[in-house]
Amino acid sequence: QLTVTSNLSTEELPSELSSKLIGPRAADCKAILDRHFAWRYATSSPYGREDQQKLLSCLSEIESTTSQGDAWNDSYLPAMATSLKRSLSRDFPSQNDGAEEFNARDESMFENYEFIQSSLSRRSKTIVWGGTIHLVKSLDAISLGKARLHPFGEMLIYKTQAHPFVIATSSLGGSFGRRKVQPLAAAPNDSLEARAFSRSSRDSVYLDSANLKK
């Protein structure tokens with residue numbers, strides 16, 4: 001997945017990120033980060049802009065730190081802090097522009113991709129797992145506000161000259177969500193998912209371009 005924090009669990013992140021801060025500030029930022037990652041906000045005092053600013057302040061400090069002779073922390077800790085800052089900065093958009101928010105998120109995904117790729121050899125094969133809407137090569141047929149949508153898949157092609165192969169995933173049923181899990185709506189009988197599984201007894205089906213046209 002396109003995040004430089006995926007090597008650590010949300011329980012480990014606060015300690016790891018704040019480990020290079022000095023004195024009481026390390027404990028303060030660990031508590032601030034831990035509260036957010038565990039989402040320990042009271043109903044009477046929900047997550048707000050003041051909390052966001054505290055998080056961004058801690059991450060800015062972490063972003064500027066370097067360790068002595070520790071290659072992991074020298075590169076990854078600042079990169080993790082930078083990535084999280086970009087994400088948290090989008091929590092309270094100044095205007096209701098879905099396209100701008102979407103493009104900012106996918107630009108951040110691309111920056112994370114570039115950072116991860118920089119540590120790999122040129123011959124490495126990279127598999128990116130993400131939402132299909134982010135991995136597609138174009139979203140010209142979709143409109144969200146005034147701006148044009150620029151998905152990660154499009155950026156990958158035009159900024160790196162790569163030739164990615166994209167496999168879209170979907171589901172006939174199940175549930176979604178993290179903090180609040182909700183069931184998926186039942187797929188209509190004439191949906192792509194229903195028609196694909198009506199011809200197979202397996203729990204997964206692959207449709208190539210020829211089958212998709214049928």
# chains A, B, ... in the order shown; residues from 1 in each chain; ligands from 1
$ select_by_dssp --residues "range 7-87 of chain A" --states "helix (DSSP H, G or I)" --output "ChimeraX atom specification"
/A:13-18,24-37,49-63,71-87
$ select_by_dssp --residues "range 77-194 of chain A" --states "strand (DSSP E)" --output "PyMOL selection string"
chain A and resi 175-176+182-183
$ closest_residue --among "A:Ala210, A:Ala196, A:Leu149, A:Leu88" --to "Ile133 in chain A" --atoms "only C-alpha atoms"
A:Leu149
$ atom_distance --atom1 "CA of Thr82 in chain A" --atom2 "CA of Gly98 in chain A"
22.6 Å
$ residues_around --residues "range 101-105 of chain A" --least-positions-apart "6" --cutoff "10 Å" --atoms "only C-alpha atoms" --output "PyMOL selection string"
chain A and resi 86-87+90-91+93+95+111+134+144+147-152
$ closest_residue --among "A:Ala42, A:Leu33, A:Ala162, A:Ala194" --to "Lys137 in chain A" --atoms "only C-alpha atoms"
A:Ala162
$ closest_atom_pairs --of "range 78-138 of chain A" --to "range 57-62 of chain A" --cutoff "7 Å" --atoms "only C-alpha atoms" --output "JSON lines"
{"residue": "A:Pro78", "atom": "CA", "partner": "A:Ile62", "partner_atom": "CA", "distance": 6.3}
{"residue": "A:Ala81", "atom": "CA", "partner": "A:Leu59", "partner_atom": "CA", "distance": 5.1}
{"residue": "A:Lys85", "atom": "CA", "partner": "A:Leu59", "partner_atom": "CA", "distance": 6.5}
$ write_last_selection --atoms "all heavy atoms" --output "PDB file, in the first residue's frame"
ATOM      1  N   PRO A  78      11.559  10.897   9.032  1.00  0.00           N
ATOM      2  CA  PRO A  78      11.106  12.146   8.401  1.00  0.00           C
ATOM      3  C   PRO A  78      10.078  11.898   7.300  1.00  0.00           C
ATOM      4  O   PRO A  78       9.127  12.672   7.157  1.00  0.00           O
ATOM      5  CB  PRO A  78      12.402  12.733   7.825  1.00  0.00           C
ATOM      6  CG  PRO A  78      13.484  12.143   8.660  1.00  0.00           C
ATOM      7  CD  PRO A  78      13.028  10.748   8.963  1.00  0.00           C
ATOM      8  N   ALA A  81       6.718  11.197   8.886  1.00  0.00           N
ATOM      9  CA  ALA A  81       6.149  12.435   9.421  1.00  0.00           C
ATOM     10  C   ALA A  81       5.604  13.307   8.292  1.00  0.00           C
ATOM     11  O   ALA A  81       4.512  13.880   8.406  1.00  0.00           O
ATOM     12  CB  ALA A  81       7.205  13.198  10.217  1.00  0.00           C
ATOM     13  N   LYS A  85       1.715  14.352   7.748  1.00  0.00           N
ATOM     14  CA  LYS A  85       1.358  15.770   7.699  1.00  0.00           C
ATOM     15  C   LYS A  85       0.472  16.066   6.496  1.00  0.00           C
ATOM     16  O   LYS A  85      -0.525  16.789   6.603  1.00  0.00           O
ATOM     17  CB  LYS A  85       2.626  16.626   7.624  1.00  0.00           C
ATOM     18  CG  LYS A  85       3.262  16.949   8.961  1.00  0.00           C
ATOM     19  CD  LYS A  85       4.483  17.830   8.785  1.00  0.00           C
ATOM     20  CE  LYS A  85       4.121  19.181   8.206  1.00  0.00           C
ATOM     21  NZ  LYS A  85       5.318  20.049   8.054  1.00  0.00           N
TER      22      LYS A  85
END
$ closest_atom_pairs --of "range 115-175 of chain A" --to "range 179-184 of chain A" --cutoff "7 Å" --atoms "only C-alpha atoms" --output "CSV"
residue,atom,partner,partner_atom,distance
A:Gly173,CA,A:Leu184,CA,5.8
A:Gly174,CA,A:Leu184,CA,5.5
A:Ser175,CA,A:Pro183,CA,4.0
$ closest_residue --among "A:Ala187, A:Leu172, A:Ala79, A:Leu21" --to "Ser108 in chain A" --atoms "only C-alpha atoms"
A:Ala79
$ residues_around --residues "Asp208 in chain A" --least-positions-apart "2" --cutoff "12 Å" --atoms "only C-alpha atoms" --output "list in words"
Phe165, Val166, Ile167, Ala168, Ala196, Val205, Tyr206, Ala210, Asn211, Leu212, Lys213 and Lys214 of chain A
$ write_last_selection --atoms "C-alpha atoms" --output "compact mmCIF listing (two decimals), in the first residue's frame"
# COMPACT_ATOMS: atom_id res chain seq x y z
CA PHE A 165 -1.06 -3.23 -15.55
CA VAL A 166 -4.15 -2.50 -13.47
CA ILE A 167 -6.48 -5.14 -12.03
CA ALA A 168 -9.72 -3.70 -10.66
CA ALA A 196 -19.68 -13.03 -13.22
CA VAL A 205 -13.41 -14.73 -10.68
CA TYR A 206 -10.94 -13.03 -13.03
CA ALA A 210 -12.55 -10.00 -23.67
CA ASN A 211 -14.84 -11.31 -20.91
CA LEU A 212 -15.66 -7.81 -19.71
CA LYS A 213 -17.14 -7.02 -23.12
CA LYS A 214 -19.52 -9.99 -23.03
$ atom_distance --atom1 "CA of Gln52 in chain A" --atom2 "CA of Asn112 in chain A"
21.3 Å
$ residues_around --residues "Pro164 in chain A" --least-positions-apart "4" --cutoff "9 Å" --atoms "only C-alpha atoms" --output "MDAnalysis selection string"
chainID A and resid 137 153 156:157
$ write_last_selection --atoms "C-alpha atoms" --output "compact mmCIF listing (two decimals), in the first residue's frame"
# COMPACT_ATOMS: atom_id res chain seq x y z
CA LYS A 137 -5.05 5.35 -15.77
CA GLY A 153 -2.36 5.67 -11.99
CA LEU A 156 2.52 7.05 -12.58
CA ILE A 157 2.32 6.95 -16.36
$ residues_around --residues "Lys30 in chain A" --least-positions-apart "5" --cutoff "7 Å" --atoms "only C-alpha atoms" --output "ChimeraX atom specification"
/A:14-15,18
$ decode --residues "range 100-171 of chain A" --atoms "C-alpha atoms" --output "compact mmCIF listing (two decimals), in the first residue's frame"
# COMPACT_ATOMS: atom_id res chain seq x y z
CA GLU A 100 -9.07 19.19 -5.22
CA GLU A 101 -9.18 16.87 -2.22
CA PHE A 102 -8.97 13.78 -4.43
CA ASN A 103 -6.00 15.14 -6.40
CA ALA A 104 -4.13 16.12 -3.23
CA ARG A 105 -4.58 12.62 -1.81
CA ASP A 106 -3.37 10.94 -4.99
CA GLU A 107 -0.42 13.31 -5.27
CA SER A 108 0.54 12.25 -1.75
CA MET A 109 0.22 8.61 -2.78
CA PHE A 110 2.59 9.27 -5.67
CA GLU A 111 5.13 10.99 -3.42
CA ASN A 112 5.05 7.96 -1.11
CA TYR A 113 5.50 5.70 -4.12
CA GLU A 114 8.56 7.66 -5.25
CA PHE A 115 10.08 7.44 -1.76
CA ILE A 116 9.52 3.68 -1.55
CA GLN A 117 10.86 3.16 -5.08
CA SER A 118 14.02 5.12 -4.27
CA SER A 119 15.12 2.33 -1.92
CA LEU A 120 14.56 -0.45 -4.48
CA SER A 121 16.71 -1.63 -7.36
CA ARG A 122 15.73 -0.71 -10.91
CA ARG A 123 14.89 -4.34 -11.65
CA SER A 124 12.36 -4.56 -8.82
CA LYS A 125 8.76 -5.44 -9.59
CA THR A 126 6.32 -3.26 -7.68
CA ILE A 127 2.78 -4.29 -6.77
CA VAL A 128 0.55 -1.49 -5.50
CA TRP A 129 -2.61 -2.41 -3.59
CA GLY A 130 -5.21 0.33 -3.48
CA GLY A 131 -8.69 1.46 -4.38
CA THR A 132 -9.41 1.01 -8.09
CA ILE A 133 -10.44 4.65 -8.46
CA HIS A 134 -6.89 5.67 -7.48
CA LEU A 135 -5.08 3.14 -9.66
CA VAL A 136 -6.94 3.68 -12.92
CA LYS A 137 -5.05 5.35 -15.77
CA SER A 138 -7.69 8.02 -16.38
CA LEU A 139 -10.81 9.46 -14.75
CA ASP A 140 -11.78 11.83 -17.55
CA ALA A 141 -15.33 10.42 -17.53
CA ILE A 142 -15.88 11.41 -13.87
CA SER A 143 -16.42 14.93 -12.55
CA LEU A 144 -16.10 16.11 -8.94
CA GLY A 145 -16.18 19.87 -8.95
CA LYS A 146 -14.47 22.21 -11.39
CA ALA A 147 -11.02 20.61 -11.51
CA ARG A 148 -10.05 17.55 -13.51
CA LEU A 149 -9.33 14.39 -11.54
CA HIS A 150 -5.75 13.13 -11.62
CA PRO A 151 -5.53 9.61 -10.14
CA PHE A 152 -2.30 8.03 -8.99
CA GLY A 153 -2.36 5.67 -11.99
CA GLU A 154 -2.30 8.62 -14.37
CA MET A 155 0.56 10.28 -12.46
CA LEU A 156 2.52 7.05 -12.58
CA ILE A 157 2.32 6.95 -16.36
CA TYR A 158 3.08 10.59 -17.10
CA LYS A 159 5.68 11.24 -14.41
CA THR A 160 7.68 8.00 -14.66
CA GLN A 161 6.90 6.71 -18.17
CA ALA A 162 5.88 3.43 -16.55
CA HIS A 163 3.51 0.96 -18.20
CA PRO A 164 1.40 -0.37 -15.31
CA PHE A 165 -1.06 -3.23 -15.55
CA VAL A 166 -4.15 -2.50 -13.47
CA ILE A 167 -6.48 -5.14 -12.03
CA ALA A 168 -9.72 -3.70 -10.66
CA THR A 169 -11.36 -5.48 -7.75
CA SER A 170 -15.00 -5.61 -6.77
CA SER A 171 -17.25 -7.72 -4.55
